[in-house]
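Data block below; observations after.
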Amino acid sequence: MFDSRRDAAAFVDRMCAAARAENRAAGERLAAIGELDVLRLRQCGERESWSTDTWDAISAEVAAALGISVALASSLLDYARAMRVRLPQVGAALLAGDISYAMFQTIVYRTTLITDTEAMAAVDAELAGKVRRWPSLTRGRLAAYVDMVVERADRDAVRRRREVHANREFSIWDGGQGLTEVFGRLHTSDAHAVDARLDALAASACDEDPRTGNQRRADAMGALATGADRLACQCRTPHCPAQTAPVPRPVVIHVIAEQASVQGAGNTPGVLVGAAGLISAELVAELATSAKLAPLTPFRDVAPEQGYTPSAKLADFVRCRDLTCRAPGCDRPATQCDLDHTVPYATGGATHASNLKCLSRKHQLPETFWTGTEGWADQQMPDGTVTRLRYPPRLSESPGSRAHFLKLIATGSRRTLE
Ligand SMILES: [Zn+2]
Ligand SMILES: [Zn+2]
């Protein structure tokens with residue numbers, strides 16, 4: 001007889017132990033490189049001046065010892081120095097096996113612009129406390145969470161962001177053979193609006209259209225420029241269904257921000273649903289001048305609703321609170337998720353924010369399937385936090401901020417109508 005439940009638990013234990021060992025080993029490798037680094041710097045009498053020659057020599061030594069390229073060794077040396085000098089506490093979490101090397105890399109990358117040592121130490125301490133509770137974030141979501149911590153601690157962030165944002169551009173170079181390359185650096189909100197619009201135009205051709213998705217998106221740029229409401233289909237069939245199909249609806253992008261930021265009086269950045277980074281408070285205020293504003297009702301202290309389907313306002317609130325699917329490692333935007341009753345409605349679960357969460361289609365089936373058979377049971381706290389799925393508190397769950405959340409809806413690349 002075999003006990004599938006016991007076997008599964010043993011496999012999961014082995015898997016987790018191996019992953020922690022892998023994390024610890026990655027931390028240990030960086031720590032050893034860091035100590036070798038210190039030793040060589042002392043021998044060179046350079047201390048922390050870090051000349052290119054010393055850097056190259058140490059990279060070469062690491063590369064030879066590990067049998068890897070000098071470029072890869074140089075990147076390891078970079079992370080080793082970050083662990084030793086800038087992020088010792090986050091480094092300790094890696095050494096303890098609590099976070100993965102990939103997570104550590106993302107944190108190093110997102111914090112490299114901090115120049116103030118006090119701010120750096122504060123960010124290191126805060127992240128070290130939080131990252132252990134963020135085990136299953138996708139890289140994009142982790143980046144946004146780290147950005148938020150940096151934003152709060154780094155007084156210089158606003159000036160630097162202005163400099164970066166000043167570098168917006170859109171350039172076009174004619175190449176050979178009738179093709180032209182473009183390059184752009186846009187506000188994230190504009191870029192996502194363009195992206196969604198290109199997808200919508202590309203999908204307006206019928207299934208018989210011979211072009212690939214990428215080709216249709218490229219051609220949609222032309223349609224966008226001429227103000228066409230759909231892409232001309234190339235199927236050459238006499239009764240192309242695309243001719244009579246409704247034109248794609250205007251693109252809507254959702255930005256969630258605190259009221260003070262919306263009114264231009266706050267520093268807290270907003271979130272663009274479906275995007276990794278944050279929307280700066282300045283851009284939120286600018287968007288707010290032309291976007292449709294939808295105040296978000298806090299649903300924490302109200303009575304449960306009657307019936308299975310939540311009202312539009314309650315659904316809005318849950319989506320803005322969750323931002324993405326709540327299954328571990330899934331970052332499908334909340335706008336593309338269904339609302340799930342954690343305690344099923346049929347067994348008395350309330351239609352209330354504290355019992356509702358966003359789940360993408362893909363993550364509803366396994367959950368239903370595993371519940372009760374392998375111990376995948378969710379528990380949801382009154383503030384919406386789901387345990388068992390081990391998700392971090394979402395943006396809107398920070399104390400006191402909930403009542404002030406507003407939802408901005410910007411439409412199209414001109415951010416006006418809805
Ligand atoms: Zn067609
Ligand atoms: Zn999902």
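In the structure tokens, the first chain shown is A, the next is B, and so on; residue numbers restart at 1 for each chain, and ligands run from 1 in the order shown.
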At most 6 Å from ligand 2 (only C-alpha atoms and all ligand atoms): residue list as a PyMOL selection string: chain A and resi 325+327+330+332+359-360+362-363
Test item, strand (DSSP E) assignment across stretch 94-191 of chain A, answer as a count of residues only: 12
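Summary of the local environment: counting only C-alpha atoms, residues at most 9 Å from stretch 173-187 of chain A, other than itself and those fewer than 6 positions away along its chain, are His165, Asn167, Ile279 and Leu283 of chain A.
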Can you list, as a PDB file with N, CA, C and O atoms, in the first residue's frame, every protein, DNA or RNA residue that comes within 7 Å of A:Val262 when you count only C-alpha atoms, leaving out same-chain residues fewer than 5 positions away?
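Wrote selection28.pdb, looks like this:
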```pdb
ATOM      1  N   ALA A 257      -4.023  54.916  -6.836  1.00  0.00           N
ATOM      2  CA  ALA A 257      -3.143  55.828  -6.101  1.00  0.00           C
ATOM      3  C   ALA A 257      -3.853  56.398  -4.898  1.00  0.00           C
ATOM      4  O   ALA A 257      -5.083  56.371  -4.814  1.00  0.00           O
ATOM      5  N   VAL A 284       1.201  60.597 -11.398  1.00  0.00           N
ATOM      6  CA  VAL A 284      -0.179  60.342 -10.966  1.00  0.00           C
ATOM      7  C   VAL A 284      -0.968  61.648 -10.990  1.00  0.00           C
ATOM      8  O   VAL A 284      -2.077  61.717 -11.531  1.00  0.00           O
ATOM      9  N   ALA A 285      -0.365  62.710 -10.427  1.00  0.00           N
ATOM     10  CA  ALA A 285      -1.053  63.999 -10.368  1.00  0.00           C
ATOM     11  C   ALA A 285      -1.322  64.527 -11.781  1.00  0.00           C
ATOM     12  O   ALA A 285      -2.385  65.085 -12.065  1.00  0.00           O
ATOM     13  N   ALA A 288      -4.089  62.566 -13.361  1.00  0.00           N
ATOM     14  CA  ALA A 288      -5.376  62.842 -12.710  1.00  0.00           C
ATOM     15  C   ALA A 288      -6.078  64.052 -13.302  1.00  0.00           C
ATOM     16  O   ALA A 288      -7.302  64.160 -13.224  1.00  0.00           O
TER      17      ALA A 288
END
```
Neighbour list for A:Pro248 as a ChimeraX atom specification, cut-off 10 Å, only C-alpha atoms, skip fewer than 4 positions in-chain: /A:197,199-204,229-231
Protein and nucleic acid residues within 9 Å of ligand 1 (only C-alpha atoms and all ligand atoms) as a PyMOL selection string: chain A and resi 204-209+232-243
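Considering only C-alpha atoms, the residue among A:Gln43, A:Asn214, A:Ser280, A:Ser136 positioned nearest to A:Arg160 is A:Ser280.
Nearest-residue note for A:Val255: choosing from A:Val271, A:Val302, A:Ala82, A:Ala315, the minimum distance belongs to A:Val271, counting only C-alpha atoms.
Among the candidate residues A:Ala93, A:Gln105, A:Gly384, A:Val194, the one lying nearest to A:Pro250 is A:Val194, with distances computed using only C-alpha atoms.
Among A:Pro295, A:Gly329, A:Gly307, A:Pro344, the residue with the shortest atom-to-atom distance to A:Arg139, counting only C-alpha atoms, is A:Gly329.
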Contact residues around A:Asp78 with only C-alpha atoms at 10 Å, ignoring same-chain residues under 3 positions, as a list in words: Leu30, Ile33, Gly34, Trp55, Ser59, Leu72, Ala73, Ser74, Ser75, Arg81, Ala82, Met83 and Val108 of chain A
